[in-house]
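Engineer: If it helps, the file is called query-v4.cif and holds mmCIF, C-alpha atoms:
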data_start
#
loop_
_atom_site.label_atom_id
_atom_site.label_comp_id
_atom_site.auth_asym_id
_atom_site.auth_seq_id
_atom_site.Cartn_x
_atom_site.Cartn_y
_atom_site.Cartn_z
CA MET A 1 -114.90 15.38 -91.71
CA VAL A 2 -115.62 12.93 -88.89
CA GLN A 3 -115.55 9.99 -91.31
CA GLU A 4 -112.23 11.14 -92.77
CA ARG A 5 -110.69 11.32 -89.30
CA VAL A 6 -111.91 7.81 -88.42
CA MET A 7 -110.59 6.39 -91.69
CA GLU A 8 -107.21 8.01 -91.05
CA LYS A 9 -107.13 6.37 -87.62
CA LEU A 10 -108.07 3.06 -89.20
CA ALA A 11 -105.18 3.26 -91.64
CA ILE A 12 -102.72 3.91 -88.78
CA LEU A 13 -104.07 1.41 -86.28
CA ALA A 14 -104.72 -1.43 -88.74
CA ASP A 15 -101.15 -1.09 -89.99
CA ALA A 16 -99.79 -1.13 -86.43
CA ALA A 17 -101.78 -4.32 -85.68
CA LYS A 18 -100.13 -6.35 -88.45
CA TYR A 19 -97.22 -7.30 -86.17
CA ASP A 20 -99.52 -9.30 -83.91
CA VAL A 21 -100.04 -12.71 -85.52
CA SER A 22 -102.03 -14.42 -82.78
CA CYS A 23 -105.40 -14.10 -84.46
CA SER A 24 -106.36 -17.36 -86.13
CA SER A 25 -109.41 -19.53 -85.70
CA GLY A 26 -110.81 -19.70 -82.20
CA GLN A 27 -113.25 -22.63 -82.54
CA SER A 28 -115.74 -20.85 -80.32
CA THR A 29 -119.21 -22.25 -79.66
CA ARG A 30 -120.99 -18.90 -79.40
CA LYS A 31 -124.31 -18.98 -81.29
CA ASN A 32 -126.45 -16.29 -82.83
CA LYS A 33 -129.41 -15.42 -80.60
CA ASN A 34 -132.33 -13.01 -80.62
CA LYS A 35 -131.85 -12.37 -84.35
CA GLY A 36 -128.56 -10.63 -83.66
CA LEU A 37 -125.64 -9.88 -85.93
CA GLY A 38 -123.01 -12.47 -86.82
CA ASP A 39 -122.37 -16.05 -85.89
CA THR A 40 -119.02 -17.39 -84.71
CA GLY A 41 -119.60 -20.71 -86.46
CA GLY A 42 -116.36 -22.66 -87.00
CA GLY A 43 -114.14 -19.77 -85.98
CA ILE A 44 -112.64 -16.67 -87.55
CA CYS A 45 -109.19 -16.31 -89.03
CA HIS A 46 -107.04 -15.05 -91.88
CA ALA A 47 -106.76 -18.54 -93.31
CA PHE A 48 -109.19 -21.37 -94.08
CA THR A 49 -111.57 -23.09 -91.70
CA GLU A 50 -111.87 -26.88 -91.55
CA ASP A 51 -114.82 -26.80 -93.96
CA GLY A 52 -112.79 -24.84 -96.53
CA ARG A 53 -114.21 -21.35 -95.91
CA CYS A 54 -111.90 -18.36 -95.95
CA VAL A 55 -112.97 -15.91 -93.27
CA SER A 56 -111.70 -12.54 -92.12
CA LEU A 57 -111.77 -10.20 -89.16
CA LEU A 58 -111.21 -6.55 -88.42
CA LYS A 59 -107.74 -6.47 -86.87
CA ILE A 60 -106.87 -3.19 -85.20
CA LEU A 61 -105.33 -1.54 -82.17
CA LEU A 62 -107.45 0.64 -79.92
CA THR A 63 -104.41 2.92 -79.81
CA ASN A 64 -100.74 2.90 -80.74
CA HIS A 65 -99.92 5.28 -77.88
CA CYS A 66 -97.90 3.37 -75.30
CA ILE A 67 -96.21 4.13 -72.00
CA PHE A 68 -93.64 1.37 -72.59
CA ASP A 69 -90.46 1.54 -74.65
CA CYS A 70 -90.05 -2.07 -75.81
CA ALA A 71 -87.19 -2.08 -78.31
CA TYR A 72 -88.86 -4.64 -80.62
CA CYS A 73 -92.22 -2.83 -80.85
CA VAL A 74 -93.12 -0.32 -83.53
CA SER A 75 -95.48 1.43 -81.08
CA ARG A 76 -92.80 2.01 -78.41
CA LYS A 77 -92.99 5.46 -76.86
CA SER A 78 -89.59 6.57 -78.21
CA ASN A 79 -90.49 5.75 -81.83
CA ASP A 80 -91.26 8.81 -83.95
CA ILE A 81 -94.47 7.64 -85.61
CA LYS A 82 -97.91 9.09 -86.16
CA ARG A 83 -100.13 8.29 -83.18
CA ALA A 84 -103.86 7.71 -83.07
CA ALA A 85 -106.55 6.36 -80.79
CA PHE A 86 -110.11 5.23 -81.38
CA THR A 87 -112.95 6.06 -79.07
CA VAL A 88 -114.98 3.15 -77.74
CA GLN A 89 -117.91 4.03 -79.99
CA GLU A 90 -115.72 4.33 -83.09
CA VAL A 91 -114.51 0.73 -82.74
CA VAL A 92 -118.08 -0.46 -82.24
CA ASP A 93 -119.31 1.46 -85.28
CA LEU A 94 -116.42 0.24 -87.46
CA THR A 95 -117.02 -3.38 -86.49
CA ILE A 96 -120.74 -3.25 -87.19
CA GLY A 97 -120.24 -1.20 -90.36
CA PHE A 98 -117.69 -3.60 -91.83
CA TYR A 99 -119.78 -6.59 -90.81
CA ARG A 100 -122.89 -5.20 -92.53
CA ARG A 101 -120.82 -4.69 -95.69
CA ASN A 102 -119.73 -8.34 -95.45
CA TYR A 103 -116.07 -7.33 -95.17
CA ILE A 104 -115.52 -9.15 -91.88
CA GLU A 105 -116.97 -11.83 -89.63
CA GLY A 106 -115.39 -10.77 -86.36
CA LEU A 107 -113.01 -8.52 -84.46
CA PHE A 108 -109.43 -8.85 -83.27
CA LEU A 109 -108.72 -6.00 -80.86
CA SER A 110 -105.43 -5.20 -79.18
CA SER A 111 -103.95 -1.99 -77.86
CA GLY A 112 -100.96 -0.04 -76.69
CA ILE A 113 -101.09 1.05 -73.05
CA PHE A 114 -102.61 4.50 -72.47
CA ASP A 115 -101.85 5.42 -68.85
CA ASN A 116 -101.92 2.08 -67.07
CA ALA A 117 -103.17 -1.47 -67.58
CA ASP A 118 -106.59 -1.00 -65.94
CA TYR A 119 -107.34 2.22 -67.83
CA THR A 120 -106.67 0.46 -71.15
CA MET A 121 -108.35 -2.84 -70.27
CA GLU A 122 -111.49 -1.03 -69.09
CA ARG A 123 -111.92 0.51 -72.55
CA LEU A 124 -111.38 -2.80 -74.30
CA VAL A 125 -114.05 -4.36 -72.10
CA ARG A 126 -116.46 -1.50 -72.78
CA ILE A 127 -116.12 -2.14 -76.51
CA VAL A 128 -116.94 -5.85 -76.33
CA LYS A 129 -119.82 -5.22 -73.91
CA LYS A 130 -121.34 -2.66 -76.27
CA LEU A 131 -121.01 -5.05 -79.19
CA ARG A 132 -122.63 -7.92 -77.30
CA LEU A 133 -125.29 -6.11 -75.26
CA GLU A 134 -126.21 -3.05 -77.33
CA GLU A 135 -125.52 -4.23 -80.90
CA ASN A 136 -126.42 -7.89 -80.21
CA PHE A 137 -123.27 -8.91 -82.09
CA ASN A 138 -122.59 -12.65 -81.88
CA GLY A 139 -119.57 -12.85 -84.17
CA TYR A 140 -116.10 -13.91 -83.08
CA ILE A 141 -114.19 -11.51 -80.81
CA HIS A 142 -110.54 -11.98 -79.89
CA LEU A 143 -109.48 -9.55 -77.20
CA LYS A 144 -106.03 -8.83 -75.81
CA ALA A 145 -105.80 -9.15 -72.04
CA ILE A 146 -103.48 -6.44 -70.75
CA PRO A 147 -100.80 -7.69 -68.30
CA GLY A 148 -101.25 -5.97 -64.95
CA ALA A 149 -105.00 -5.40 -65.36
CA SER A 150 -107.23 -6.30 -62.43
CA GLU A 151 -108.81 -9.74 -62.17
CA GLU A 152 -112.26 -8.12 -62.16
CA LEU A 153 -111.64 -6.65 -65.63
CA LEU A 154 -110.14 -9.91 -66.92
CA LYS A 155 -113.19 -11.80 -65.71
CA GLU A 156 -115.55 -9.36 -67.38
CA ALA A 157 -113.56 -9.61 -70.61
CA GLY A 158 -113.85 -13.40 -70.55
CA LEU A 159 -117.63 -13.20 -70.31
CA TYR A 160 -117.92 -11.24 -73.58
CA ALA A 161 -114.91 -12.24 -75.72
CA ASP A 162 -114.47 -15.61 -77.42
CA ARG A 163 -110.72 -15.72 -76.96
CA LEU A 164 -108.31 -13.82 -74.74
CA SER A 165 -104.58 -13.58 -75.26
CA VAL A 166 -101.73 -12.36 -73.10
CA ASN A 167 -98.59 -12.03 -75.19
CA VAL A 168 -95.43 -13.29 -73.50
CA GLU A 169 -93.56 -11.42 -76.28
CA MET A 170 -90.03 -12.69 -75.60
CA PRO A 171 -89.25 -16.42 -75.23
CA THR A 172 -87.31 -15.94 -71.98
CA GLU A 173 -87.44 -13.65 -68.98
CA GLN A 174 -83.86 -12.55 -69.69
CA SER A 175 -84.74 -11.35 -73.19
CA LEU A 176 -87.79 -9.45 -71.95
CA LYS A 177 -85.63 -7.74 -69.34
CA LEU A 178 -83.07 -6.84 -72.01
CA LEU A 179 -85.48 -5.37 -74.56
CA ALA A 180 -88.36 -4.25 -72.34
CA PRO A 181 -86.84 -3.37 -68.96
CA ASP A 182 -90.07 -1.71 -67.80
CA LYS A 183 -91.98 -4.98 -68.09
CA ASN A 184 -92.04 -7.90 -65.69
CA HIS A 185 -92.30 -11.51 -66.83
CA LYS A 186 -94.42 -12.36 -63.79
CA ASP A 187 -97.01 -9.77 -64.86
CA VAL A 188 -97.56 -11.85 -68.01
CA ILE A 189 -97.72 -15.25 -66.32
CA LYS A 190 -100.12 -14.15 -63.56
CA PRO A 191 -103.11 -13.30 -65.84
CA MET A 192 -102.49 -16.48 -67.85
CA GLN A 193 -102.82 -18.50 -64.65
CA TYR A 194 -105.95 -16.61 -63.63
CA LEU A 195 -107.60 -17.10 -67.03
CA LYS A 196 -106.72 -20.80 -67.04
CA ASN A 197 -108.42 -21.29 -63.69
CA GLU A 198 -111.49 -19.28 -64.69
CA ILE A 199 -111.88 -21.15 -67.99
CA ILE A 200 -111.65 -24.52 -66.25
CA GLY A 201 -114.02 -23.37 -63.50
CA TYR A 202 -116.70 -22.21 -65.93
CA GLN A 203 -116.37 -25.39 -67.97
CA GLU A 204 -116.90 -27.53 -64.87
CA GLU A 205 -119.85 -25.43 -63.73
CA LYS A 206 -121.39 -25.69 -67.19
CA LYS A 207 -121.55 -29.47 -66.82
CA SER A 208 -123.94 -29.19 -63.86
CA ASN A 209 -125.73 -25.99 -64.84
CA TYR A 210 -126.39 -25.41 -68.52
CA LYS A 211 -127.32 -21.78 -67.81
CA THR A 212 -123.74 -20.99 -66.81
CA PRO A 213 -122.52 -18.25 -69.19
CA LEU A 214 -119.70 -18.80 -71.63
CA PHE A 215 -116.25 -17.72 -70.48
CA ALA A 216 -113.62 -17.32 -73.20
CA PRO A 217 -115.03 -20.41 -74.99
CA ALA A 218 -112.15 -20.38 -77.50
CA GLY A 219 -109.59 -20.39 -74.68
CA GLN A 220 -106.47 -18.27 -74.49
CA SER A 221 -103.38 -17.88 -76.67
CA THR A 222 -100.04 -16.10 -76.60
CA GLN A 223 -97.33 -14.94 -78.98
CA MET A 224 -93.53 -15.02 -78.96
CA VAL A 225 -91.29 -12.85 -81.11
CA ILE A 226 -88.49 -14.97 -82.54
CA GLY A 227 -85.21 -13.86 -84.04
CA ALA A 228 -84.97 -10.61 -82.04
CA THR A 229 -82.80 -12.30 -79.42
CA LYS A 230 -80.52 -15.32 -79.40
CA GLU A 231 -82.76 -18.05 -77.94
CA ASN A 232 -82.49 -21.37 -79.70
CA ASP A 233 -85.44 -23.46 -80.81
CA LEU A 234 -85.10 -25.78 -77.82
CA GLU A 235 -85.71 -22.85 -75.47
CA ILE A 236 -88.61 -21.54 -77.58
CA LEU A 237 -90.39 -24.89 -77.91
CA GLY A 238 -89.71 -25.65 -74.25
CA MET A 239 -91.50 -22.44 -73.29
CA ALA A 240 -94.37 -23.24 -75.65
CA ASN A 241 -94.70 -26.70 -74.15
CA TYR A 242 -94.87 -25.13 -70.69
CA PHE A 243 -97.78 -22.97 -71.82
CA TYR A 244 -99.63 -25.95 -73.29
CA GLU A 245 -99.14 -28.16 -70.26
CA GLN A 246 -99.30 -25.68 -67.37
CA MET A 247 -101.52 -22.91 -68.76
CA LYS A 248 -103.74 -25.10 -70.95
CA MET A 249 -103.03 -22.66 -73.76
CA ARG A 250 -105.03 -23.20 -76.95
CA ARG A 251 -102.34 -21.81 -79.23
CA VAL A 252 -98.83 -20.40 -79.10
CA TYR A 253 -97.95 -18.17 -82.04
CA TYR A 254 -94.47 -17.46 -83.36
CA SER A 255 -93.76 -14.11 -85.00
CA GLY A 256 -90.52 -13.65 -86.91
CA TYR A 257 -88.95 -10.36 -85.86
CA VAL A 258 -89.23 -7.59 -88.44
CA PRO A 259 -86.24 -5.22 -88.00
CA ILE A 260 -87.75 -1.82 -87.23
CA SER A 261 -85.19 -0.19 -84.96
CA TYR A 262 -81.63 1.11 -85.05
CA ASP A 263 -80.75 -0.52 -81.76
CA ASN A 264 -77.57 -2.49 -81.16
CA ARG A 265 -79.56 -4.97 -79.01
CA LEU A 266 -81.51 -6.05 -82.09
CA PRO A 267 -80.81 -7.37 -85.61
CA ALA A 268 -79.95 -4.52 -87.98
CA ILE A 269 -82.58 -3.06 -90.27
CA GLY A 270 -82.40 -4.99 -93.52
CA THR A 271 -81.82 -8.33 -91.79
CA PRO A 272 -84.18 -10.86 -93.41
CA VAL A 273 -87.27 -11.79 -91.42
CA PRO A 274 -86.78 -15.42 -90.23
CA MET A 275 -89.87 -16.72 -92.05
CA ILE A 276 -88.53 -20.22 -92.69
CA ARG A 277 -87.59 -20.61 -89.03
CA GLU A 278 -91.03 -19.34 -88.05
CA ASN A 279 -92.63 -21.96 -90.29
CA ARG A 280 -90.46 -24.75 -88.85
CA LEU A 281 -91.50 -23.74 -85.32
CA TYR A 282 -95.16 -23.95 -86.31
CA GLN A 283 -94.53 -27.40 -87.79
CA ALA A 284 -92.77 -28.55 -84.62
CA ASP A 285 -95.56 -27.06 -82.51
CA TRP A 286 -98.09 -29.07 -84.54
CA LEU A 287 -96.12 -32.29 -83.93
CA ILE A 288 -96.15 -31.65 -80.18
CA ARG A 289 -99.86 -30.86 -80.01
CA TYR A 290 -101.30 -33.44 -82.40
CA TYR A 291 -98.73 -36.14 -83.13
CA GLY A 292 -97.55 -37.00 -79.64
CA PHE A 293 -93.96 -35.84 -80.08
CA ASN A 294 -91.96 -34.72 -77.08
CA VAL A 295 -89.96 -31.50 -77.41
CA ASN A 296 -86.73 -33.41 -76.82
CA GLU A 297 -87.49 -35.72 -79.73
CA ILE A 298 -87.59 -32.74 -82.09
CA VAL A 299 -84.73 -30.68 -80.65
CA GLY A 300 -82.20 -31.40 -77.91
CA PHE A 301 -79.01 -30.20 -76.29
CA ASP A 302 -76.99 -31.86 -79.05
CA GLN A 303 -79.12 -30.20 -81.75
CA PRO A 304 -80.91 -27.18 -80.20
CA ASN A 305 -82.14 -25.68 -83.49
CA LEU A 306 -84.50 -27.02 -86.12
CA ASP A 307 -83.14 -27.89 -89.54
CA LEU A 308 -84.26 -25.14 -91.93
CA ASP A 309 -83.89 -27.36 -95.00
CA ILE A 310 -86.42 -29.99 -93.98
CA ASP A 311 -89.50 -30.19 -91.79
CA PRO A 312 -89.16 -31.39 -88.16
CA LYS A 313 -90.92 -34.72 -88.72
CA LEU A 314 -88.54 -35.64 -91.54
CA GLY A 315 -85.64 -34.48 -89.36
CA TRP A 316 -86.75 -36.80 -86.56
CA ALA A 317 -87.15 -39.74 -88.95
CA LEU A 318 -83.67 -39.27 -90.43
CA ARG A 319 -82.17 -39.25 -86.91
CA ASN A 320 -84.10 -42.40 -86.04
CA LEU A 321 -83.69 -44.66 -89.07
CA HIS A 322 -83.42 -47.62 -86.69
CA GLN A 323 -87.21 -47.37 -86.27
CA PHE A 324 -87.78 -47.83 -89.99
CA PRO A 325 -88.96 -49.23 -92.31
CA VAL A 326 -92.46 -49.47 -90.88
CA ASP A 327 -94.84 -52.18 -92.10
CA ILE A 328 -97.83 -50.12 -93.12
CA ASN A 329 -100.16 -53.09 -92.69
CA THR A 330 -99.31 -53.91 -89.08
CA ALA A 331 -97.93 -50.77 -87.40
CA ASP A 332 -100.08 -48.93 -84.87
CA LEU A 333 -101.64 -45.56 -85.64
CA GLU A 334 -99.17 -43.57 -83.50
CA LEU A 335 -96.16 -44.89 -85.41
CA ILE A 336 -97.80 -44.45 -88.83
CA GLN A 337 -98.44 -40.79 -87.95
CA ARG A 338 -94.71 -40.32 -87.46
CA ILE A 339 -93.85 -41.39 -91.02
CA PRO A 340 -92.82 -38.38 -93.15
CA GLY A 341 -95.37 -37.70 -95.88
CA ILE A 342 -98.27 -39.17 -93.90
CA GLY A 343 -100.46 -36.70 -92.06
CA PHE A 344 -102.80 -37.01 -89.11
CA LEU A 345 -105.90 -37.78 -91.20
CA SER A 346 -104.03 -39.87 -93.77
CA ALA A 347 -102.81 -42.20 -91.01
CA LYS A 348 -106.40 -42.82 -89.97
CA LYS A 349 -107.34 -43.57 -93.60
CA ILE A 350 -104.54 -46.13 -93.79
CA VAL A 351 -105.63 -47.93 -90.60
CA SER A 352 -109.21 -47.98 -91.87
CA ALA A 353 -108.32 -49.14 -95.41
CA ARG A 354 -106.04 -51.97 -94.33
CA THR A 355 -108.96 -53.75 -92.65
CA PHE A 356 -110.21 -54.58 -96.14
CA LYS A 357 -106.96 -55.53 -97.90
CA LYS A 358 -103.18 -55.61 -97.70
CA LEU A 359 -102.02 -52.18 -98.76
CA GLN A 360 -99.44 -51.69 -101.51
CA PRO A 361 -97.69 -48.55 -102.81
CA GLU A 362 -100.41 -47.89 -105.41
CA ASP A 363 -103.04 -47.98 -102.64
CA LEU A 364 -101.24 -45.29 -100.66
CA LYS A 365 -101.07 -43.06 -103.71
CA LYS A 366 -104.84 -43.40 -104.11
CA LEU A 367 -105.28 -42.33 -100.50
CA GLY A 368 -103.42 -39.09 -101.25
CA ILE A 369 -100.24 -39.96 -99.37
CA ALA A 370 -97.07 -38.04 -100.30
CA TYR A 371 -95.53 -41.30 -101.45
CA SER A 372 -92.40 -39.75 -102.96
CA ARG A 373 -91.44 -38.76 -99.40
CA SER A 374 -92.89 -41.62 -97.35
CA LYS A 375 -91.52 -44.43 -99.53
CA PHE A 376 -88.10 -44.18 -97.87
CA PHE A 377 -89.62 -45.21 -94.54
CA LEU A 378 -92.14 -47.87 -95.54
CA ALA A 379 -92.23 -51.65 -95.70
CA PHE A 380 -95.05 -53.78 -97.02
CA SER A 381 -96.17 -57.33 -96.42
CA THR A 382 -94.90 -58.04 -99.90
CA PRO A 383 -91.17 -57.16 -99.89
CA PHE A 384 -90.48 -53.77 -101.46
CA TYR A 385 -86.80 -52.90 -101.34
CA LEU A 386 -86.48 -50.12 -103.87
CA GLN A 387 -84.99 -47.73 -101.28
CA LYS A 388 -82.90 -50.28 -99.39
CA ASP A 389 -79.72 -49.28 -97.51
CA LEU A 390 -79.81 -45.53 -98.15
CA THR A 391 -78.14 -43.35 -95.54
CA SER A 392 -79.99 -40.48 -93.87
CA LEU A 393 -77.99 -37.98 -95.93
CA GLN A 394 -78.86 -39.76 -99.16
CA ILE A 395 -82.54 -39.82 -98.27
CA LYS A 396 -82.46 -36.15 -97.32
CA ASN A 397 -80.81 -35.14 -100.59
CA GLN A 398 -83.26 -37.16 -102.67
CA ILE A 399 -86.24 -35.56 -100.92
CA LEU A 400 -84.76 -32.06 -101.22
CA ASN A 401 -84.34 -32.57 -104.94
CA LEU A 402 -88.09 -33.21 -105.20
CA GLN A 403 -89.28 -30.09 -103.43
CA ASN A 404 -89.11 -26.34 -103.77
CA SER A 405 -89.72 -24.16 -100.72
CA LYS A 406 -92.41 -21.51 -101.10
CA TYR A 407 -90.74 -19.35 -98.45
CA LYS A 408 -88.58 -16.41 -99.41
CA ASN A 409 -86.88 -13.68 -97.44
CA ASN A 410 -89.72 -11.23 -97.62
CA PHE A 411 -92.50 -9.92 -95.42
CA SER A 412 -96.17 -9.99 -96.36
CA ASN A 413 -98.14 -7.00 -95.15
CA GLN A 414 -101.62 -7.30 -93.73
CA LEU A 415 -104.20 -7.32 -96.49
CA SER A 416 -105.94 -4.00 -97.00
CA LEU A 417 -109.61 -3.69 -96.10
CA PHE A 418 -110.18 -1.26 -98.97
#
Mind turning this structure into structure tokens?

Structural biologist:
Amino acid sequence: MVQERVMEKLAILADAAKYDVSCSSGQSTRKNKNKGLGDTGGGICHAFTEDGRCVSLLKILLTNHCIFDCAYCVSRKSNDIKRAAFTVQEVVDLTIGFYRRNYIEGLFLSSGIFDNADYTMERLVRIVKKLRLEENFNGYIHLKAIPGASEELLKEAGLYADRLSVNVEMPTEQSLKLLAPDKNHKDVIKPMQYLKNEIIGYQEEKKSNYKTPLFAPAGQSTQMVIGATKENDLEILGMANYFYEQMKMRRVYYSGYVPISYDNRLPAIGTPVPMIRENRLYQADWLIRYYGFNVNEIVGFDQPNLDLDIDPKLGWALRNLHQFPVDINTADLELIQRIPGIGFLSAKKIVSARTFKKLQPEDLKKLGIAYSRSKFFLAFSTPFYLQKDLTSLQIKNQILNLQNSKYKNNFSNQLSLF
């Protein structure tokens, strides 16, 4: 009977957790010790690690009870849904049980708000402490930091979890006020600032004292719901850039709004989830973090939204044809990385390979470059004018004719654990 009740809770609270997407690889450095359970290794996520492994985690809410009535949230207090809550020990037992069965390699734990922020955060901390200290569990743990919780609890959470996340939820303060009037934007920013300072402080102390304990070694992340309100991509990416620069955020996640409410403040039920837009935001985010693009190079006041037909790097290149063609044999690494069809690692391969010979189109194909896309932007030491004098529209149409988007207007549910 007890097991049946726990499994019923799991079905409810795992389903409720699917709307939180901020759970990918944490790149933590936590190691297995004292012959304990689990090893963080290269991180834990729903996708693939850098070495090609596909790893998984138990992704649940502690409870879907909530004192707030956020219009965009399925767990809002006014929503007529079945409610459930785990005990601290039940979450610990589930995590260890699934790990021993080789179903998971870590835990992603979030929660609705029981009575207040401290009451909820204290239970989340108790869970991770039990896993670390009593079960000797060294696997990856991503824990939600509850806005409004005390700094003492946040600090304790950081000593036992690999990653902490405080979800900003809405891209702007105005949208949060519209859809979640009980919440305060400052209550979200304050713990982010505190965690940033603590992470930096522990990292600095670790340099002089190797016995300094780990503190959120995989950093912190946040999530924004997109498509629920009318912010444009310039506003969204501007906010993300603020988090990266000012909060030293490891990741910002973008979650396309899934219509779940008959509320005239929100898109109607049946409105397609903006999955293509979500993907374009992730691509733009990647360009900002790894390719050296400025937000205003990708979107601007004259074009505040990303082009849904093409990726942001191609969009930038088509708006800046005066910078092309690029001589692949003489251009610097930063410019080569900006060529559509050439990725971060491929650019490094090109710079390395050209030290041995003058590169030609056939050489790029051997290096795995998407030549059918990049050829419109390349020049070689030997003249190669096959694509000469094409307009940006002509180039765009030719590339679109070569590709088929894998994105459709659907929503993929969280994979079942059973």

Engineer: Give me, as number ranges by chain, all polymer residues having an atom no more than 10 Å from A:Val351, counting all atoms listed in the file and skipping those fewer than 4 positions away in the same chain.

Structural biologist: A: 328-333, 336, 346-347, 355-356, 359

Engineer: Check the smallest atom-to-atom distance from each of A:Ala145, A:Pro340, A:Ile395, A:Leu214 to A:Tyr371 using all atoms listed in the file, then report the winner.

Structural biologist: A:Pro340

Engineer: Apply the PyMOL selection byres ((chain A and resi 55-64) around 6) to the file shown and report the selected residues as a VMD selection string.

Structural biologist: chain A and resid 13 to 14 17 44 to 46 54 65 75 83 to 86 104 to 112

Engineer: With all atoms listed in the file as the basis for distance, which of A:Leu393, A:Ala218, A:Ile127, A:Ile189 is at the shortest distance from A:Leu318?

Structural biologist: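 Smallest distance to A:Leu318 is found for A:Leu393.
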
Engineer: As an exercise, work out the distance from atom CA of A:Ile342 to atom CA of A:Ala370 in Å and give it to one decimal place.

Structural biologist: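 So the answer is 6.6 Å.
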
Engineer: Hey, what's within 9 Å of A:Ser261 if we count only C-alpha atoms and toss same-chain stuff fewer than 3 positions away? As a PDB file with C-alpha atoms, in the frame of the given file, please?

Structural biologist:
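Writing the result to around12.pdb gives the following:
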ATOM      1  CA  ALA A  71     -87.190  -2.080 -78.310  1.00  0.00           C
ATOM      2  CA  TYR A  72     -88.860  -4.640 -80.620  1.00  0.00           C
ATOM      3  CA  CYS A  73     -92.220  -2.830 -80.850  1.00  0.00           C
ATOM      4  CA  VAL A  74     -93.120  -0.320 -83.530  1.00  0.00           C
ATOM      5  CA  ASN A  79     -90.490   5.750 -81.830  1.00  0.00           C
ATOM      6  CA  ASN A 264     -77.570  -2.490 -81.160  1.00  0.00           C
ATOM      7  CA  LEU A 266     -81.510  -6.050 -82.090  1.00  0.00           C
ATOM      8  CA  PRO A 267     -80.810  -7.370 -85.610  1.00  0.00           C
ATOM      9  CA  ALA A 268     -79.950  -4.520 -87.980  1.00  0.00           C
ATOM     10  CA  ILE A 269     -82.580  -3.060 -90.270  1.00  0.00           C
TER      11      ILE A 269
END
